[in-house]
>>> print(open('model-v2.cif').read())   # mmCIF, C-alpha atoms
data_coords
loop_
_atom_site.label_atom_id
_atom_site.label_comp_id
_atom_site.auth_asym_id
_atom_site.auth_seq_id
_atom_site.Cartn_x
_atom_site.Cartn_y
_atom_site.Cartn_z
CA MET T 1 70.23 72.85 221.81
CA SER T 2 73.83 71.79 222.27
CA GLN T 3 74.75 68.77 224.32
CA ILE T 4 78.16 70.23 225.20
CA ALA T 5 77.84 69.23 228.85
CA PHE T 6 77.94 65.59 227.70
CA SER T 7 80.62 66.00 225.04
CA SER T 8 84.30 65.24 224.55
CA VAL T 9 85.13 68.97 224.56
CA PRO T 10 87.32 69.60 227.63
CA THR T 11 85.74 71.86 230.24
CA TRP T 12 88.38 74.55 229.69
CA ALA T 13 87.57 74.67 225.93
CA ARG T 14 83.81 75.05 226.30
CA PRO T 15 82.20 78.39 225.51
CA GLY T 16 81.18 80.59 228.39
CA ASP T 17 83.04 82.05 231.31
CA PRO T 18 86.76 81.38 231.13
CA SER T 19 88.33 79.51 233.98
CA GLU T 20 90.43 81.54 236.34
CA GLU T 21 94.10 81.73 235.47
CA THR T 22 95.96 79.60 237.97
CA THR T 23 99.33 78.03 238.44
CA PRO T 24 99.15 74.26 238.01
CA ALA T 25 100.40 72.03 240.81
CA PRO T 26 104.13 71.24 240.49
CA THR T 27 104.01 67.44 240.59
CA GLY T 28 106.66 66.54 238.01
CA SER T 29 110.39 66.12 237.84
CA SER T 30 110.65 68.38 234.76
CA TYR T 31 108.35 70.84 233.01
CA VAL T 32 107.57 72.05 229.53
CA LEU T 33 105.82 75.42 229.63
CA VAL T 34 104.08 76.19 226.34
CA GLY T 35 102.44 79.46 225.41
CA VAL T 36 100.65 80.84 222.37
CA GLY T 37 99.71 84.50 222.17
CA ASP T 38 100.11 87.19 224.81
CA VAL T 39 101.18 84.88 227.63
CA VAL T 40 104.76 85.92 228.39
CA GLU T 41 103.85 87.07 231.91
CA THR T 42 101.97 83.85 232.63
CA LEU T 43 104.92 81.71 231.51
CA ALA T 44 107.34 83.82 233.57
CA ARG T 45 105.11 83.54 236.66
CA TRP T 46 104.86 79.77 236.24
CA GLU T 47 108.60 79.41 235.75
CA SER T 48 109.40 81.49 238.84
CA ALA T 49 107.01 79.40 240.97
CA LEU T 50 108.67 76.11 240.06
CA PRO T 51 111.27 74.46 242.26
CA PRO T 52 114.72 74.35 240.68
CA ARG T 53 114.02 71.55 238.20
CA ALA T 54 114.55 71.15 234.50
CA THR T 55 112.21 73.51 232.66
CA THR T 56 111.76 74.09 228.95
CA ARG T 57 109.89 77.17 227.82
CA ILE T 58 108.21 77.37 224.40
CA HIS T 59 106.47 80.54 223.21
CA ALA T 60 105.42 80.73 219.56
CA ASP T 61 102.43 80.58 217.22
CA ALA T 62 100.34 77.39 217.48
CA ASP T 63 101.97 75.48 214.61
CA SER T 64 105.55 76.31 215.67
CA ALA T 65 104.78 75.60 219.32
CA ALA T 66 103.27 72.22 218.39
CA ALA T 67 106.38 71.26 216.40
CA GLN T 68 108.71 72.38 219.21
CA LEU T 69 106.61 70.57 221.82
CA ALA T 70 106.70 67.33 219.80
CA GLY T 71 110.50 67.58 219.54
CA THR T 72 110.91 68.34 223.23
CA LEU T 73 108.66 65.48 224.31
CA ALA T 74 110.52 63.06 222.04
CA GLU T 75 113.55 63.66 224.29
CA ALA T 76 111.61 63.74 227.58
CA VAL T 77 111.81 61.18 230.35
CA VAL T 78 109.29 59.94 232.88
CA GLY T 79 108.02 62.69 235.19
CA VAL T 80 107.65 65.46 232.62
CA ARG T 81 104.63 67.75 232.96
CA VAL T 82 103.28 70.00 230.21
CA TRP T 83 101.65 73.30 231.16
CA ILE T 84 99.83 75.09 228.34
CA ALA T 85 98.68 78.73 228.26
CA ALA T 86 96.85 79.48 225.01
CA ASP T 87 93.50 80.17 223.41
CA ALA T 88 91.24 77.11 223.39
CA GLY T 89 91.87 76.22 219.72
CA SER T 90 95.66 76.30 220.09
CA ALA T 91 95.46 74.53 223.44
CA LEU T 92 93.48 71.65 221.88
CA THR T 93 96.20 71.23 219.25
CA LEU T 94 99.02 71.35 221.83
CA ARG T 95 97.19 68.94 224.13
CA ALA T 96 96.83 66.50 221.22
CA VAL T 97 100.60 66.67 220.64
CA ALA T 98 101.25 65.91 224.32
CA LEU T 99 98.77 63.03 224.35
CA GLY T 100 100.32 61.69 221.15
CA ALA T 101 103.70 61.69 222.86
CA GLY T 102 102.31 59.41 225.55
CA LEU T 103 101.40 61.81 228.32
CA GLU T 104 98.27 61.21 230.37
CA ASP T 105 95.62 63.83 231.16
CA ASP T 106 96.93 64.34 234.69
CA GLU T 107 100.36 65.22 233.28
CA ILE T 108 98.95 68.06 231.16
CA SER T 109 97.57 71.33 232.56
CA VAL T 110 95.77 73.82 230.35
CA VAL T 111 94.93 77.41 231.19
CA PRO T 112 92.90 79.09 228.43
CA VAL T 113 93.84 82.75 228.05
CA THR T 114 90.93 84.25 226.17
CA SER T 115 87.29 84.64 227.02
CA ALA T 116 86.15 85.13 223.41
CA PRO T 117 83.25 82.81 222.59
CA GLU T 118 84.81 82.13 219.18
CA VAL T 119 88.46 81.26 218.64
CA VAL T 120 90.39 79.80 215.74
CA VAL T 121 89.74 76.06 215.74
CA GLU T 122 90.38 73.22 213.34
CA VAL T 123 87.32 71.37 212.03
CA PHE T 124 87.61 67.89 210.51
CA CYS T 125 85.16 67.27 207.63
CA ALA T 126 83.48 63.89 207.96
CA HIS T 127 82.74 63.94 204.22
CA CYS T 128 86.07 64.71 202.49
CA ARG T 129 88.46 64.38 205.47
CA SER T 130 89.83 67.92 205.01
CA VAL T 131 90.70 70.08 207.98
CA THR T 132 89.39 73.64 207.95
CA ARG T 133 90.87 76.30 210.20
CA ALA T 134 88.16 78.83 211.09
CA THR T 135 87.05 81.25 213.76
CA ALA T 136 84.11 79.39 215.25
CA SER T 137 82.56 77.78 218.29
CA VAL T 138 80.37 74.73 218.84
CA ASP T 139 77.13 74.80 216.80
CA ASP T 140 78.51 77.34 214.30
CA VAL T 141 78.49 76.60 210.58
CA VAL T 142 81.71 76.95 208.56
CA PRO T 143 82.45 76.24 204.88
CA CYS T 144 84.72 73.21 204.36
CA ALA T 145 88.05 74.09 202.76
CA GLY T 146 87.94 70.81 200.83
CA CYS T 147 84.44 70.02 199.58
CA ARG T 148 82.84 73.42 200.28
CA ARG T 149 79.94 71.86 202.21
CA ASP T 150 78.56 73.93 205.07
CA LEU T 151 79.79 72.10 208.16
CA LEU T 152 78.19 72.18 211.58
CA VAL T 153 80.92 72.42 214.23
CA TYR T 154 79.84 69.52 216.41
CA HIS T 155 80.47 69.16 220.14
CA HIS T 156 83.09 66.45 219.69
CA VAL T 157 86.87 66.98 219.82
CA SER T 158 89.37 64.33 218.82
CA ARG T 159 91.91 63.69 221.58
CA ARG T 160 94.35 62.46 218.93
CA THR T 161 94.26 65.53 216.68
CA GLY T 162 92.57 68.33 218.65
CA HIS T 163 90.09 68.86 215.78
CA TYR T 164 86.37 69.42 216.16
CA LEU T 165 84.10 67.14 214.13
CA GLY T 166 82.21 68.84 211.31
CA PHE T 167 79.46 67.42 209.15
CA MET T 168 77.07 68.81 206.55
CA VAL T 169 74.62 70.99 208.42
CA ASP T 170 71.60 70.12 206.27
CA ALA T 171 72.39 66.47 205.52
CA GLU T 172 68.87 65.32 206.42
CA THR T 173 67.15 67.95 204.30
CA ALA T 174 69.52 68.21 201.34
CA GLN T 175 67.95 67.69 197.93
CA PRO T 176 69.02 64.78 195.73
CA ALA T 177 71.69 65.50 193.14
CA CYS T 178 69.16 65.35 190.26
CA PRO T 179 65.83 66.71 191.55
CA ASP T 180 64.17 66.38 188.08
CA THR T 181 64.57 62.63 188.02
CA GLU T 182 61.47 60.76 189.16
CA SER T 183 61.68 57.26 190.50
CA VAL T 184 60.01 54.67 188.31
CA GLU T 185 58.43 51.66 189.94
CA GLU T 186 58.99 48.41 188.14
CA PRO T 187 56.18 45.87 188.07
CA VAL T 188 56.51 42.92 190.38
CA SER T 189 56.54 39.61 188.51
#
>>> encode(input="model-v2.cif", output="C-alpha cells")
Amino acid sequence: MSQIAFSSVPTWARPGDPSEETTPAPTGSSYVLVGVGDVVETLARWESALPPRATTRIHADADSAAAQLAGTLAEAVVGVRVWIAADAGSALTLRAVALGAGLEDDEISVVPVTSAPEVVVEVFCAHCRSVTRATASVDDVVPCAGCRRDLLVYHHVSRRTGHYLGFMVDAETAQPACPDTESVEEPVS
C-alpha cells in the first residue's frame, strides 16, 4: 500500500481526481505564465484576468519551457509569481526550476491539466544516478535507462529536480551475483 498521503509528492501531482482548474490569486507585481500541452485557452484566460502588470507568457514542450522559465526568472525582480498549467510530470520539472531560481511555494501556482493516472515523469535511479523519463505513476515499475534495473517509482519527489525517486524493486529478494558460490566457515582459533 502506498504512503502517498505522507509523501513529498505535491497534492496536485498525486494520482486520483484532478483538482479543479482555477485561476490563481493575483498577488504579485509581475507574472510568468507557463504552459505545456493543450493549455492555450487557460493561459489566455489567466492573462485576461490579471491587472495591467508585467506578464510573460511561455508555451512550449517541457524542456523548452523549463529553459525559457529559467532565463526569465534570472531577470526577474521581487514580486514575480509563476503560474504553471501542465501535466503533473512537466509541472514538477517547471516547479523545480522556479524553486531553484529562489521562489517560495506561495509564489508558485500549479494547475494540472490532465486526469490521466499515468503521465510522463522523470525517475532518478538511486543505484546509478541516471534519470529515466517514462510514463508511470507512483508504485509502478520502470526499467532504468542507465543500469537496466527494474525501478519502483517511489512516493518521493525531489523539490530541487522534480524527479521521483526510483530504487530496485526486488532489492531485498534479489539473488547474489554468484548463486553457485557457497560460503565457507573458517575455524575459530
>>> residues_near_point(input="model-v2.cif", point="(92.6, 78.1, 225.6)", cutoff="7 Å", atoms="all atoms listed in the file", output="list in words")
Trp12, Ala13, Ala85, Ala86, Asp87, Ala88, Gly89, Ser90, Ala91, Val111, Pro112, Val113 and Thr114 of chain T
>>> residues_around(input="model-v2.cif", residues="stretch 93-102 of chain T", least_positions_apart="2", cutoff="10 Å", atoms="all atoms listed in the file", output="PyMOL selection string")
chain T and resi 34-36+62-63+65-67+69-74+76+81-86+88-91+104-105+107-110+121-122+158-163
>>> closest_residue(input="model-v2.cif", among="T:Pro10, T:Pro143, T:Gly79, T:Pro51", to="T:Ser30", atoms="only C-alpha atoms")
T:Gly79
>>> residues_near_point(input="model-v2.cif", point="(103.3, 72.4, 242.5)", cutoff="10 Å", atoms="all atoms listed in the file", output="JSON, numbers by chain")
{"T": [23, 24, 25, 26, 27, 28, 46, 49, 50, 51]}
>>> resolve_selection(input="model-v2.cif", expression="the PyMOL selection byres ((chain T and resi 55-58) around 6)", output="list in words")
Ser30, Tyr31, Val32, Leu33, Val34, Ala54 and His59 of chain T
>>> atom_distance(input="model-v2.cif", atom1="atom CA of T:Ser7", atom2="atom CA of T:Thr22")
24.2 Å
>>> resolve_selection(input="model-v2.cif", expression="the PyMOL selection byres ((chain T and resi 142) around 12)", output="NGL selection string")
:T and (120-125 or 131-141 or 143-154 or 164-169)
>>> atom_distance(input="model-v2.cif", atom1="atom CA of T:Pro15", atom2="atom CA of T:Val119")
9.7 Å
>>> closest_residue(input="model-v2.cif", among="T:Leu92, T:Val80, T:Val40, T:Ala171", to="T:Ser8", atoms="only C-alpha atoms")
T:Leu92
>>> atom_distance(input="model-v2.cif", atom1="atom CA of T:Asp61", atom2="atom CA of T:Thr11")
22.9 Å
>>> axis_aligned_box(input="model-v2.cif", around="stretch 53-60 of chain T", padding_each_side="4 Å", output="AutoDock Vina command-line options")
--center_x 110.0 --center_y 75.9 --center_z 228.9 --size_x 17.1 --size_y 17.6 --size_z 26.6
